[in-house]
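Quick look at model-v3.txt (compact mmCIF, N, CA and C atoms):
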```
# COMPACT_ATOMS: atom_id res chain seq x y z
N MET G 1 0.84 -1.17 0.00
CA MET G 1 0.00 0.00 0.00
C MET G 1 0.89 1.24 0.00
N PHE G 2 0.94 2.02 1.06
CA PHE G 2 1.75 3.22 1.06
C PHE G 2 2.93 3.11 2.02
N TRP G 3 3.32 1.88 2.31
CA TRP G 3 4.46 1.66 3.20
C TRP G 3 5.74 1.69 2.38
N ASN G 4 6.15 2.84 1.89
CA ASN G 4 7.34 2.88 1.06
C ASN G 4 8.35 3.93 1.52
N LYS G 5 8.27 4.34 2.75
CA LYS G 5 9.20 5.34 3.27
C LYS G 5 10.42 4.64 3.88
N GLU G 6 11.38 5.45 4.31
CA GLU G 6 12.60 4.93 4.90
C GLU G 6 12.32 4.12 6.16
N LYS G 7 13.13 3.11 6.38
CA LYS G 7 12.97 2.28 7.56
C LYS G 7 13.74 2.88 8.74
N ASP G 8 13.18 2.71 9.94
CA ASP G 8 13.84 3.12 11.16
C ASP G 8 15.08 2.24 11.32
N GLN G 9 16.21 2.85 11.50
CA GLN G 9 17.48 2.11 11.53
C GLN G 9 17.57 1.12 12.68
N LYS G 10 16.98 1.44 13.83
CA LYS G 10 17.12 0.57 15.00
C LYS G 10 16.34 -0.72 14.87
N GLN G 11 15.12 -0.65 14.36
CA GLN G 11 14.26 -1.82 14.38
C GLN G 11 13.86 -2.30 12.99
N ASN G 12 14.33 -1.65 11.95
CA ASN G 12 14.01 -2.03 10.59
C ASN G 12 12.54 -1.83 10.23
N PHE G 13 11.88 -0.93 10.95
CA PHE G 13 10.50 -0.56 10.63
C PHE G 13 10.53 0.71 9.79
N LYS G 14 9.55 0.85 8.94
CA LYS G 14 9.44 2.06 8.13
C LYS G 14 8.88 3.18 8.99
N ASP G 15 9.34 4.40 8.70
CA ASP G 15 8.89 5.56 9.48
C ASP G 15 7.37 5.69 9.47
N ILE G 16 6.75 5.45 8.32
CA ILE G 16 5.30 5.60 8.21
C ILE G 16 4.58 4.53 9.04
N GLU G 17 5.16 3.35 9.14
CA GLU G 17 4.57 2.29 9.96
C GLU G 17 4.59 2.70 11.43
N ILE G 18 5.72 3.21 11.87
CA ILE G 18 5.86 3.63 13.26
C ILE G 18 4.92 4.80 13.56
N ALA G 19 4.89 5.78 12.67
CA ALA G 19 4.06 6.96 12.88
C ALA G 19 2.58 6.58 12.97
N THR G 20 2.14 5.72 12.07
CA THR G 20 0.74 5.31 12.07
C THR G 20 0.40 4.52 13.32
N CYS G 21 1.24 3.58 13.67
CA CYS G 21 0.99 2.76 14.86
C CYS G 21 1.02 3.62 16.12
N MET G 22 1.97 4.53 16.23
CA MET G 22 2.04 5.41 17.39
C MET G 22 0.79 6.27 17.50
N LEU G 23 0.31 6.77 16.38
CA LEU G 23 -0.88 7.62 16.40
C LEU G 23 -2.10 6.83 16.85
N LEU G 24 -2.23 5.60 16.38
CA LEU G 24 -3.36 4.76 16.78
C LEU G 24 -3.28 4.42 18.27
N ILE G 25 -2.09 4.15 18.75
CA ILE G 25 -1.91 3.87 20.18
C ILE G 25 -2.24 5.11 21.00
N HIS G 26 -1.79 6.25 20.52
CA HIS G 26 -2.08 7.52 21.22
C HIS G 26 -3.59 7.75 21.29
N ALA G 27 -4.27 7.48 20.18
CA ALA G 27 -5.73 7.64 20.16
C ALA G 27 -6.39 6.71 21.18
N ALA G 28 -5.88 5.48 21.28
CA ALA G 28 -6.45 4.52 22.22
C ALA G 28 -6.22 4.95 23.67
N ARG G 29 -5.11 5.60 23.92
CA ARG G 29 -4.77 6.01 25.29
C ARG G 29 -5.41 7.33 25.71
N THR G 30 -6.03 8.03 24.80
CA THR G 30 -6.56 9.36 25.10
C THR G 30 -7.58 9.34 26.23
N ASP G 31 -8.36 8.28 26.33
CA ASP G 31 -9.34 8.20 27.41
C ASP G 31 -8.77 7.47 28.64
N ASN G 32 -7.46 7.30 28.66
CA ASN G 32 -6.74 6.65 29.76
C ASN G 32 -7.09 5.18 29.95
N GLN G 33 -7.60 4.55 28.90
CA GLN G 33 -7.95 3.14 28.97
C GLN G 33 -7.54 2.44 27.68
N LEU G 34 -6.39 1.81 27.68
CA LEU G 34 -5.94 1.02 26.54
C LEU G 34 -6.30 -0.42 26.83
N ASP G 35 -7.32 -0.93 26.13
CA ASP G 35 -7.77 -2.29 26.43
C ASP G 35 -7.46 -3.24 25.27
N ASP G 36 -7.74 -4.52 25.48
CA ASP G 36 -7.44 -5.54 24.49
C ASP G 36 -8.18 -5.33 23.17
N LYS G 37 -9.39 -4.83 23.25
CA LYS G 37 -10.17 -4.59 22.04
C LYS G 37 -9.50 -3.51 21.18
N GLU G 38 -9.02 -2.46 21.81
CA GLU G 38 -8.34 -1.39 21.07
C GLU G 38 -7.04 -1.91 20.46
N ILE G 39 -6.30 -2.70 21.21
CA ILE G 39 -5.05 -3.28 20.69
C ILE G 39 -5.35 -4.15 19.48
N ARG G 40 -6.40 -4.95 19.56
CA ARG G 40 -6.79 -5.81 18.44
C ARG G 40 -7.14 -4.97 17.22
N ILE G 41 -7.89 -3.90 17.41
CA ILE G 41 -8.28 -3.02 16.30
C ILE G 41 -7.05 -2.36 15.67
N ILE G 42 -6.11 -1.95 16.50
CA ILE G 42 -4.88 -1.35 15.98
C ILE G 42 -4.13 -2.35 15.11
N LYS G 43 -3.97 -3.56 15.61
CA LYS G 43 -3.24 -4.57 14.84
C LYS G 43 -3.99 -4.97 13.58
N GLU G 44 -5.31 -5.05 13.64
CA GLU G 44 -6.10 -5.34 12.45
C GLU G 44 -5.98 -4.21 11.42
N SER G 45 -5.92 -2.99 11.91
CA SER G 45 -5.76 -1.84 11.01
C SER G 45 -4.42 -1.90 10.28
N LEU G 46 -3.38 -2.26 10.99
CA LEU G 46 -2.06 -2.39 10.36
C LEU G 46 -2.07 -3.51 9.32
N PHE G 47 -2.78 -4.58 9.62
CA PHE G 47 -2.93 -5.68 8.67
C PHE G 47 -3.65 -5.19 7.41
N GLU G 48 -4.72 -4.42 7.60
CA GLU G 48 -5.49 -3.89 6.47
C GLU G 48 -4.66 -2.94 5.61
N LEU G 49 -3.67 -2.29 6.22
CA LEU G 49 -2.82 -1.37 5.47
C LEU G 49 -1.73 -2.09 4.67
N GLY G 50 -1.68 -3.39 4.80
CA GLY G 50 -0.74 -4.15 3.97
C GLY G 50 0.33 -4.91 4.72
N LEU G 51 0.37 -4.79 6.02
CA LEU G 51 1.33 -5.57 6.80
C LEU G 51 0.70 -6.93 7.08
N LYS G 52 1.20 -7.96 6.43
CA LYS G 52 0.54 -9.27 6.51
C LYS G 52 1.20 -10.23 7.49
N ASP G 53 2.38 -9.90 8.00
CA ASP G 53 3.09 -10.77 8.94
C ASP G 53 2.70 -10.38 10.37
N LYS G 54 1.96 -11.25 11.03
CA LYS G 54 1.46 -10.94 12.37
C LYS G 54 2.60 -10.78 13.38
N ASN G 55 3.67 -11.51 13.22
CA ASN G 55 4.83 -11.37 14.11
C ASN G 55 5.45 -9.98 13.93
N TYR G 56 5.56 -9.52 12.70
CA TYR G 56 6.08 -8.18 12.41
C TYR G 56 5.16 -7.12 13.02
N ILE G 57 3.86 -7.31 12.89
CA ILE G 57 2.89 -6.37 13.47
C ILE G 57 3.04 -6.31 14.98
N ASP G 58 3.20 -7.47 15.62
CA ASP G 58 3.38 -7.50 17.08
C ASP G 58 4.64 -6.73 17.50
N LYS G 59 5.74 -6.96 16.77
CA LYS G 59 6.98 -6.27 17.09
C LYS G 59 6.84 -4.76 16.85
N LEU G 60 6.20 -4.40 15.74
CA LEU G 60 5.97 -2.99 15.44
C LEU G 60 5.12 -2.35 16.53
N TYR G 61 4.07 -3.04 16.95
CA TYR G 61 3.20 -2.52 18.01
C TYR G 61 4.01 -2.29 19.29
N ASN G 62 4.78 -3.27 19.70
CA ASN G 62 5.56 -3.15 20.95
C ASN G 62 6.57 -2.01 20.87
N TYR G 63 7.24 -1.90 19.73
CA TYR G 63 8.21 -0.82 19.54
C TYR G 63 7.52 0.54 19.56
N SER G 64 6.42 0.63 18.83
CA SER G 64 5.68 1.90 18.73
C SER G 64 5.07 2.30 20.05
N GLU G 65 4.63 1.32 20.82
CA GLU G 65 4.06 1.62 22.14
C GLU G 65 5.10 2.29 23.03
N LYS G 66 6.32 1.77 23.00
CA LYS G 66 7.39 2.37 23.80
C LYS G 66 7.70 3.78 23.31
N LYS G 67 7.77 3.95 22.00
CA LYS G 67 8.06 5.28 21.44
C LYS G 67 6.94 6.26 21.74
N GLU G 68 5.69 5.79 21.71
CA GLU G 68 4.55 6.67 21.98
C GLU G 68 4.58 7.16 23.42
N LYS G 69 4.98 6.29 24.35
CA LYS G 69 5.06 6.68 25.76
C LYS G 69 6.09 7.79 25.96
N ASP G 70 7.16 7.76 25.16
CA ASP G 70 8.23 8.75 25.29
C ASP G 70 7.95 10.03 24.49
N SER G 71 6.95 9.97 23.63
CA SER G 71 6.64 11.12 22.78
C SER G 71 5.84 12.15 23.56
N ILE G 72 6.18 13.41 23.36
CA ILE G 72 5.48 14.46 24.10
C ILE G 72 4.49 15.24 23.23
N GLU G 73 4.52 15.02 21.93
CA GLU G 73 3.59 15.75 21.07
C GLU G 73 3.21 14.93 19.84
N ILE G 74 2.02 15.18 19.34
CA ILE G 74 1.55 14.44 18.18
C ILE G 74 2.11 14.97 16.87
N LEU G 75 2.72 16.13 16.90
CA LEU G 75 3.30 16.70 15.69
C LEU G 75 4.30 15.73 15.06
N ASN G 76 5.13 15.12 15.90
CA ASN G 76 6.11 14.15 15.38
C ASN G 76 5.43 12.92 14.78
N MET G 77 4.30 12.54 15.33
CA MET G 77 3.58 11.37 14.82
C MET G 77 2.94 11.65 13.46
N THR G 78 2.58 12.90 13.23
CA THR G 78 1.85 13.23 12.00
C THR G 78 2.77 13.68 10.87
N LYS G 79 4.03 13.91 11.16
CA LYS G 79 4.97 14.41 10.16
C LYS G 79 5.02 13.52 8.92
N GLU G 80 5.15 12.24 9.11
CA GLU G 80 5.21 11.30 7.98
C GLU G 80 3.85 11.11 7.33
N ILE G 81 2.81 11.09 8.15
CA ILE G 81 1.46 10.82 7.65
C ILE G 81 0.99 11.91 6.70
N LYS G 82 1.33 13.15 6.99
CA LYS G 82 0.84 14.23 6.13
C LYS G 82 1.50 14.23 4.75
N LYS G 83 2.53 13.44 4.56
CA LYS G 83 3.18 13.31 3.25
C LYS G 83 2.41 12.35 2.32
N LEU G 84 1.51 11.57 2.91
CA LEU G 84 0.76 10.57 2.13
C LEU G 84 -0.28 11.25 1.24
N GLN G 85 -0.77 10.50 0.27
CA GLN G 85 -1.88 10.97 -0.56
C GLN G 85 -3.11 11.14 0.33
N TYR G 86 -3.99 12.02 -0.09
CA TYR G 86 -5.16 12.37 0.71
C TYR G 86 -5.98 11.15 1.12
N GLU G 87 -6.24 10.25 0.18
CA GLU G 87 -7.09 9.09 0.50
C GLU G 87 -6.45 8.19 1.55
N HIS G 88 -5.12 8.14 1.59
CA HIS G 88 -4.44 7.33 2.61
C HIS G 88 -4.51 8.01 3.98
N ARG G 89 -4.46 9.34 3.98
CA ARG G 89 -4.62 10.08 5.23
C ARG G 89 -6.03 9.88 5.78
N LEU G 90 -7.02 9.84 4.88
CA LEU G 90 -8.39 9.57 5.30
C LEU G 90 -8.50 8.19 5.94
N GLU G 91 -7.81 7.20 5.38
CA GLU G 91 -7.83 5.85 5.94
C GLU G 91 -7.30 5.85 7.38
N ILE G 92 -6.25 6.60 7.61
CA ILE G 92 -5.67 6.64 8.95
C ILE G 92 -6.62 7.32 9.94
N ILE G 93 -7.28 8.39 9.51
CA ILE G 93 -8.28 9.02 10.37
C ILE G 93 -9.40 8.04 10.68
N GLU G 94 -9.82 7.30 9.68
CA GLU G 94 -10.88 6.31 9.89
C GLU G 94 -10.44 5.25 10.89
N MET G 95 -9.20 4.82 10.80
CA MET G 95 -8.68 3.84 11.75
C MET G 95 -8.62 4.41 13.16
N MET G 96 -8.20 5.67 13.27
CA MET G 96 -8.19 6.33 14.59
C MET G 96 -9.59 6.31 15.20
N LEU G 97 -10.58 6.65 14.38
CA LEU G 97 -11.95 6.70 14.88
C LEU G 97 -12.47 5.31 15.24
N LYS G 98 -12.05 4.28 14.52
CA LYS G 98 -12.44 2.91 14.88
C LYS G 98 -11.90 2.56 16.26
N VAL G 99 -10.65 2.94 16.51
CA VAL G 99 -10.04 2.68 17.81
C VAL G 99 -10.79 3.46 18.89
N ILE G 100 -11.02 4.74 18.64
CA ILE G 100 -11.68 5.60 19.62
C ILE G 100 -13.10 5.14 19.91
N TYR G 101 -13.85 4.78 18.88
CA TYR G 101 -15.24 4.37 19.05
C TYR G 101 -15.39 2.90 19.47
N SER G 102 -14.28 2.21 19.72
CA SER G 102 -14.38 0.80 20.11
C SER G 102 -15.17 0.62 21.41
N ASP G 103 -15.22 1.68 22.22
CA ASP G 103 -16.01 1.63 23.45
C ASP G 103 -17.36 2.33 23.28
N SER G 104 -17.72 2.62 22.02
CA SER G 104 -19.01 3.24 21.66
C SER G 104 -19.18 4.66 22.20
N GLN G 105 -18.07 5.31 22.56
CA GLN G 105 -18.14 6.66 23.10
C GLN G 105 -17.03 7.52 22.49
N LEU G 106 -17.28 8.81 22.46
CA LEU G 106 -16.28 9.78 22.03
C LEU G 106 -16.21 10.86 23.11
N CYS G 107 -15.18 10.78 23.94
CA CYS G 107 -15.04 11.80 24.98
C CYS G 107 -14.47 13.07 24.37
N GLU G 108 -14.53 14.16 25.10
CA GLU G 108 -14.09 15.46 24.56
C GLU G 108 -12.61 15.46 24.20
N PHE G 109 -11.79 14.71 24.94
CA PHE G 109 -10.36 14.66 24.66
C PHE G 109 -10.09 13.90 23.36
N GLU G 110 -10.85 12.83 23.15
CA GLU G 110 -10.72 12.06 21.91
C GLU G 110 -11.16 12.91 20.72
N ASP G 111 -12.26 13.61 20.88
CA ASP G 111 -12.76 14.47 19.80
C ASP G 111 -11.73 15.55 19.48
N ARG G 112 -11.17 16.14 20.50
CA ARG G 112 -10.15 17.18 20.30
C ARG G 112 -8.93 16.61 19.58
N LEU G 113 -8.52 15.40 19.97
CA LEU G 113 -7.37 14.76 19.33
C LEU G 113 -7.63 14.53 17.85
N VAL G 114 -8.79 13.97 17.52
CA VAL G 114 -9.11 13.69 16.12
C VAL G 114 -9.12 14.97 15.30
N ARG G 115 -9.72 16.00 15.85
CA ARG G 115 -9.76 17.30 15.13
C ARG G 115 -8.36 17.88 14.94
N LYS G 116 -7.54 17.75 15.96
CA LYS G 116 -6.17 18.26 15.87
C LYS G 116 -5.36 17.50 14.83
N VAL G 117 -5.44 16.17 14.87
CA VAL G 117 -4.72 15.35 13.91
C VAL G 117 -5.22 15.63 12.49
N ALA G 118 -6.53 15.71 12.34
CA ALA G 118 -7.10 15.99 11.02
C ALA G 118 -6.56 17.32 10.48
N GLY G 119 -6.45 18.31 11.34
CA GLY G 119 -5.89 19.59 10.92
C GLY G 119 -4.42 19.48 10.54
N LEU G 120 -3.67 18.75 11.34
CA LEU G 120 -2.23 18.60 11.08
C LEU G 120 -1.93 17.84 9.80
N ILE G 121 -2.82 16.92 9.41
CA ILE G 121 -2.58 16.15 8.18
C ILE G 121 -3.47 16.62 7.04
N TYR G 122 -4.05 17.81 7.21
CA TYR G 122 -4.80 18.49 6.14
C TYR G 122 -6.03 17.72 5.65
N ILE G 123 -6.86 17.30 6.59
CA ILE G 123 -8.13 16.65 6.26
C ILE G 123 -9.22 17.70 6.36
N GLU G 124 -10.07 17.76 5.34
CA GLU G 124 -11.15 18.74 5.34
C GLU G 124 -12.23 18.33 6.35
N ASN G 125 -12.85 19.34 6.98
CA ASN G 125 -13.88 19.10 7.99
C ASN G 125 -15.03 18.26 7.44
N LYS G 126 -15.42 18.49 6.21
CA LYS G 126 -16.51 17.74 5.59
C LYS G 126 -16.17 16.24 5.56
N ASP G 127 -14.95 15.93 5.17
CA ASP G 127 -14.53 14.53 5.11
C ASP G 127 -14.44 13.91 6.49
N LEU G 128 -13.95 14.68 7.46
CA LEU G 128 -13.88 14.20 8.83
C LEU G 128 -15.28 13.88 9.35
N GLY G 129 -16.23 14.76 9.10
CA GLY G 129 -17.61 14.53 9.52
C GLY G 129 -18.21 13.29 8.90
N GLU G 130 -17.95 13.08 7.62
CA GLU G 130 -18.47 11.89 6.94
C GLU G 130 -17.88 10.62 7.53
N ILE G 131 -16.61 10.64 7.83
CA ILE G 131 -15.97 9.46 8.41
C ILE G 131 -16.54 9.19 9.80
N LYS G 132 -16.73 10.23 10.60
CA LYS G 132 -17.33 10.05 11.94
C LYS G 132 -18.70 9.40 11.84
N LEU G 133 -19.52 9.88 10.93
CA LEU G 133 -20.86 9.30 10.76
C LEU G 133 -20.78 7.84 10.34
N LYS G 134 -19.87 7.54 9.45
CA LYS G 134 -19.69 6.16 8.97
C LYS G 134 -19.28 5.23 10.12
N ILE G 135 -18.36 5.66 10.95
CA ILE G 135 -17.85 4.83 12.05
C ILE G 135 -18.88 4.68 13.14
N LYS G 136 -19.68 5.70 13.41
CA LYS G 136 -20.69 5.64 14.47
C LYS G 136 -21.73 4.56 14.20
N LYS G 137 -22.00 4.29 12.92
CA LYS G 137 -23.05 3.32 12.56
C LYS G 137 -22.71 1.92 12.92
```

Can I see the file as structure tokens?
Amino acid sequence: MFWNKEKDQKQNFKDIEIATCMLLIHAARTDNQLDDKEIRIIKESLFELGLKDKNYIDKLYNYSEKKEKDSIEILNMTKEIKKLQYEHRLEIIEMMLKVIYSDSQLCEFEDRLVRKVAGLIYIENKDLGEIKLKIKK
């Protein structure tokens, strides 16, 4: 799919893979509850994006989780993502919302995060609204 950026030298992961996984983990942690369902959705999302090796996905998740804990701002997470084509950025927003809505709720912090990320990766409000409606159903 769009996993064609440079690989992280330490773990042999691509920058876009790490950025996407970190952002999804960050979205899951926004309500201070990272549960098994959210982890499953994150890993399934990575699979849908073209990563077919479950062992690789597990290692990427573990690496990204550690990096996300050390990260102090989402700007670094979105740097690689905003370089993608628009439709791929929409996919990532949709995945974020799947993770966030896994508990059937959208708290104010989660909503603020999605709006901030959408702005940072240049997603139009109309498209964000359509994706939210699609995921809520």

All residues 6.5 Å or closer to Val99 (chain G), all atoms listed in the file, same chain fewer than 3 positions away omitted, as an NGL selection string:
:G and (27-28 or 38 or 41-42 or 94-96 or 102-103)

For the point (4.0, 17.8, 8.5) in the file's frame, write as a ChimeraX atom specification all residues with an atom no more than 12 Å away, counting only C-alpha atoms.
/G:19,74-84,117-122

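Minimum atom-to-atom distance to Lys132 (chain G), evaluated using all atoms listed in the file, belongs to G:Ile93 out of G:Ile93, G:Cys107, G:Leu113, G:Ile25.
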
Work out how far CA of Ile18 (chain G) is from CA of Tyr63 (chain G), in Å to one decimal.
8.0 Å

Which residue gives the smallest distance to Phe109 (chain G) among G:Leu24, G:Glu17, G:Ile39, G:Thr30, with all atoms listed in the file counted?
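The shortest atom-to-atom distance to Phe109 (chain G) comes from G:Thr30.
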
From the options G:Ile135, G:Leu34, G:Asp111, G:Glu124, which residue's atoms come nearest to Glu65 (chain G), counting only C-alpha atoms?
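Looking at the shortest contact to Glu65 (chain G), the residue is G:Leu34.
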
For atom N of Asp127 (chain G) and CA of Lys98 (chain G), the interatomic separation in Å (one decimal):
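Separation between atom N of Asp127 (chain G) and CA of Lys98 (chain G): 16.4 Å.
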
Report, in Å to a single decimal, how far apart atom N of Leu23 (chain G) and atom N of Val114 (chain G) are.
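Atom N of Leu23 (chain G) lies at a distance of 11.7 Å from atom N of Val114 (chain G).
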
Which residues in region 1-127 of chain G does DSSP call alpha helix (DSSP H)? List them as JSON, numbers by chain.
{"G": [15, 16, 17, 18, 19, 20, 21, 22, 23, 24, 25, 26, 27, 28, 29, 36, 37, 38, 39, 40, 41, 42, 43, 44, 45, 46, 47, 48, 54, 55, 56, 57, 58, 59, 60, 61, 62, 63, 64, 65, 66, 67, 68, 69, 70, 75, 76, 77, 78, 79, 80, 81, 86, 87, 88, 89, 90, 91, 92, 93, 94, 95, 96, 97, 98, 99, 100, 108, 109, 110, 111, 112, 113, 114, 115, 116, 117, 118, 119, 120, 125, 126, 127]}

Can you sort out region 32-55 of chain G so it carries N, CA, C and O atoms, written as a PDB file, in the coordinates of the input?
```pdb
ATOM      1  N   ASN G  32      -7.460   7.300  28.660  1.00  0.00           N
ATOM      2  CA  ASN G  32      -6.740   6.650  29.760  1.00  0.00           C
ATOM      3  C   ASN G  32      -7.090   5.180  29.950  1.00  0.00           C
ATOM      4  O   ASN G  32      -6.937   4.640  31.042  1.00  0.00           O
ATOM      5  N   GLN G  33      -7.600   4.550  28.900  1.00  0.00           N
ATOM      6  CA  GLN G  33      -7.950   3.140  28.970  1.00  0.00           C
ATOM      7  C   GLN G  33      -7.540   2.440  27.680  1.00  0.00           C
ATOM      8  O   GLN G  33      -8.250   2.503  26.691  1.00  0.00           O
ATOM      9  N   LEU G  34      -6.390   1.810  27.680  1.00  0.00           N
ATOM     10  CA  LEU G  34      -5.940   1.020  26.540  1.00  0.00           C
ATOM     11  C   LEU G  34      -6.300  -0.420  26.830  1.00  0.00           C
ATOM     12  O   LEU G  34      -5.714  -1.056  27.698  1.00  0.00           O
ATOM     13  N   ASP G  35      -7.320  -0.930  26.130  1.00  0.00           N
ATOM     14  CA  ASP G  35      -7.770  -2.290  26.430  1.00  0.00           C
ATOM     15  C   ASP G  35      -7.460  -3.240  25.270  1.00  0.00           C
ATOM     16  O   ASP G  35      -6.991  -2.823  24.210  1.00  0.00           O
ATOM     17  N   ASP G  36      -7.740  -4.520  25.480  1.00  0.00           N
ATOM     18  CA  ASP G  36      -7.440  -5.540  24.490  1.00  0.00           C
ATOM     19  C   ASP G  36      -8.180  -5.330  23.170  1.00  0.00           C
ATOM     20  O   ASP G  36      -7.633  -5.601  22.101  1.00  0.00           O
ATOM     21  N   LYS G  37      -9.390  -4.830  23.250  1.00  0.00           N
ATOM     22  CA  LYS G  37     -10.170  -4.590  22.040  1.00  0.00           C
ATOM     23  C   LYS G  37      -9.500  -3.510  21.180  1.00  0.00           C
ATOM     24  O   LYS G  37      -9.399  -3.648  19.958  1.00  0.00           O
ATOM     25  N   GLU G  38      -9.020  -2.460  21.810  1.00  0.00           N
ATOM     26  CA  GLU G  38      -8.340  -1.390  21.070  1.00  0.00           C
ATOM     27  C   GLU G  38      -7.040  -1.910  20.460  1.00  0.00           C
ATOM     28  O   GLU G  38      -6.719  -1.583  19.310  1.00  0.00           O
ATOM     29  N   ILE G  39      -6.300  -2.700  21.210  1.00  0.00           N
ATOM     30  CA  ILE G  39      -5.050  -3.280  20.690  1.00  0.00           C
ATOM     31  C   ILE G  39      -5.350  -4.150  19.480  1.00  0.00           C
ATOM     32  O   ILE G  39      -4.648  -4.091  18.465  1.00  0.00           O
ATOM     33  N   ARG G  40      -6.400  -4.950  19.560  1.00  0.00           N
ATOM     34  CA  ARG G  40      -6.790  -5.810  18.440  1.00  0.00           C
ATOM     35  C   ARG G  40      -7.140  -4.970  17.220  1.00  0.00           C
ATOM     36  O   ARG G  40      -6.709  -5.267  16.099  1.00  0.00           O
ATOM     37  N   ILE G  41      -7.890  -3.900  17.410  1.00  0.00           N
ATOM     38  CA  ILE G  41      -8.280  -3.020  16.300  1.00  0.00           C
ATOM     39  C   ILE G  41      -7.050  -2.360  15.670  1.00  0.00           C
ATOM     40  O   ILE G  41      -6.954  -2.256  14.447  1.00  0.00           O
ATOM     41  N   ILE G  42      -6.110  -1.950  16.500  1.00  0.00           N
ATOM     42  CA  ILE G  42      -4.880  -1.350  15.980  1.00  0.00           C
ATOM     43  C   ILE G  42      -4.130  -2.350  15.110  1.00  0.00           C
ATOM     44  O   ILE G  42      -3.727  -2.040  13.985  1.00  0.00           O
ATOM     45  N   LYS G  43      -3.970  -3.560  15.610  1.00  0.00           N
ATOM     46  CA  LYS G  43      -3.240  -4.570  14.840  1.00  0.00           C
ATOM     47  C   LYS G  43      -3.990  -4.970  13.580  1.00  0.00           C
ATOM     48  O   LYS G  43      -3.377  -5.180  12.523  1.00  0.00           O
ATOM     49  N   GLU G  44      -5.310  -5.050  13.640  1.00  0.00           N
ATOM     50  CA  GLU G  44      -6.100  -5.340  12.450  1.00  0.00           C
ATOM     51  C   GLU G  44      -5.980  -4.210  11.420  1.00  0.00           C
ATOM     52  O   GLU G  44      -5.912  -4.464  10.217  1.00  0.00           O
ATOM     53  N   SER G  45      -5.920  -2.990  11.910  1.00  0.00           N
ATOM     54  CA  SER G  45      -5.760  -1.840  11.010  1.00  0.00           C
ATOM     55  C   SER G  45      -4.420  -1.900  10.280  1.00  0.00           C
ATOM     56  O   SER G  45      -4.347  -1.632   9.081  1.00  0.00           O
ATOM     57  N   LEU G  46      -3.380  -2.260  10.990  1.00  0.00           N
ATOM     58  CA  LEU G  46      -2.060  -2.390  10.360  1.00  0.00           C
ATOM     59  C   LEU G  46      -2.070  -3.510   9.320  1.00  0.00           C
ATOM     60  O   LEU G  46      -1.477  -3.377   8.248  1.00  0.00           O
ATOM     61  N   PHE G  47      -2.780  -4.580   9.620  1.00  0.00           N
ATOM     62  CA  PHE G  47      -2.930  -5.680   8.670  1.00  0.00           C
ATOM     63  C   PHE G  47      -3.650  -5.190   7.410  1.00  0.00           C
ATOM     64  O   PHE G  47      -3.235  -5.489   6.292  1.00  0.00           O
ATOM     65  N   GLU G  48      -4.720  -4.420   7.600  1.00  0.00           N
ATOM     66  CA  GLU G  48      -5.490  -3.890   6.470  1.00  0.00           C
ATOM     67  C   GLU G  48      -4.660  -2.940   5.610  1.00  0.00           C
ATOM     68  O   GLU G  48      -4.918  -2.802   4.415  1.00  0.00           O
ATOM     69  N   LEU G  49      -3.670  -2.290   6.220  1.00  0.00           N
ATOM     70  CA  LEU G  49      -2.820  -1.370   5.470  1.00  0.00           C
ATOM     71  C   LEU G  49      -1.730  -2.090   4.670  1.00  0.00           C
ATOM     72  O   LEU G  49      -0.960  -1.452   3.973  1.00  0.00           O
ATOM     73  N   GLY G  50      -1.680  -3.390   4.800  1.00  0.00           N
ATOM     74  CA  GLY G  50      -0.740  -4.150   3.970  1.00  0.00           C
ATOM     75  C   GLY G  50       0.330  -4.910   4.720  1.00  0.00           C
ATOM     76  O   GLY G  50       1.130  -5.606   4.099  1.00  0.00           O
ATOM     77  N   LEU G  51       0.370  -4.790   6.020  1.00  0.00           N
ATOM     78  CA  LEU G  51       1.330  -5.570   6.800  1.00  0.00           C
ATOM     79  C   LEU G  51       0.700  -6.930   7.080  1.00  0.00           C
ATOM     80  O   LEU G  51      -0.231  -7.022   7.859  1.00  0.00           O
ATOM     81  N   LYS G  52       1.200  -7.960   6.430  1.00  0.00           N
ATOM     82  CA  LYS G  52       0.540  -9.270   6.510  1.00  0.00           C
ATOM     83  C   LYS G  52       1.200 -10.230   7.490  1.00  0.00           C
ATOM     84  O   LYS G  52       0.667 -11.281   7.796  1.00  0.00           O
ATOM     85  N   ASP G  53       2.380  -9.900   8.000  1.00  0.00           N
ATOM     86  CA  ASP G  53       3.090 -10.770   8.940  1.00  0.00           C
ATOM     87  C   ASP G  53       2.700 -10.380  10.370  1.00  0.00           C
ATOM     88  O   ASP G  53       3.057  -9.309  10.859  1.00  0.00           O
ATOM     89  N   LYS G  54       1.960 -11.250  11.030  1.00  0.00           N
ATOM     90  CA  LYS G  54       1.460 -10.940  12.370  1.00  0.00           C
ATOM     91  C   LYS G  54       2.600 -10.780  13.380  1.00  0.00           C
ATOM     92  O   LYS G  54       2.494  -9.969  14.298  1.00  0.00           O
ATOM     93  N   ASN G  55       3.670 -11.510  13.220  1.00  0.00           N
ATOM     94  CA  ASN G  55       4.830 -11.370  14.110  1.00  0.00           C
ATOM     95  C   ASN G  55       5.450  -9.980  13.930  1.00  0.00           C
ATOM     96  O   ASN G  55       5.800  -9.326  14.923  1.00  0.00           O
TER      97      ASN G  55
END
```
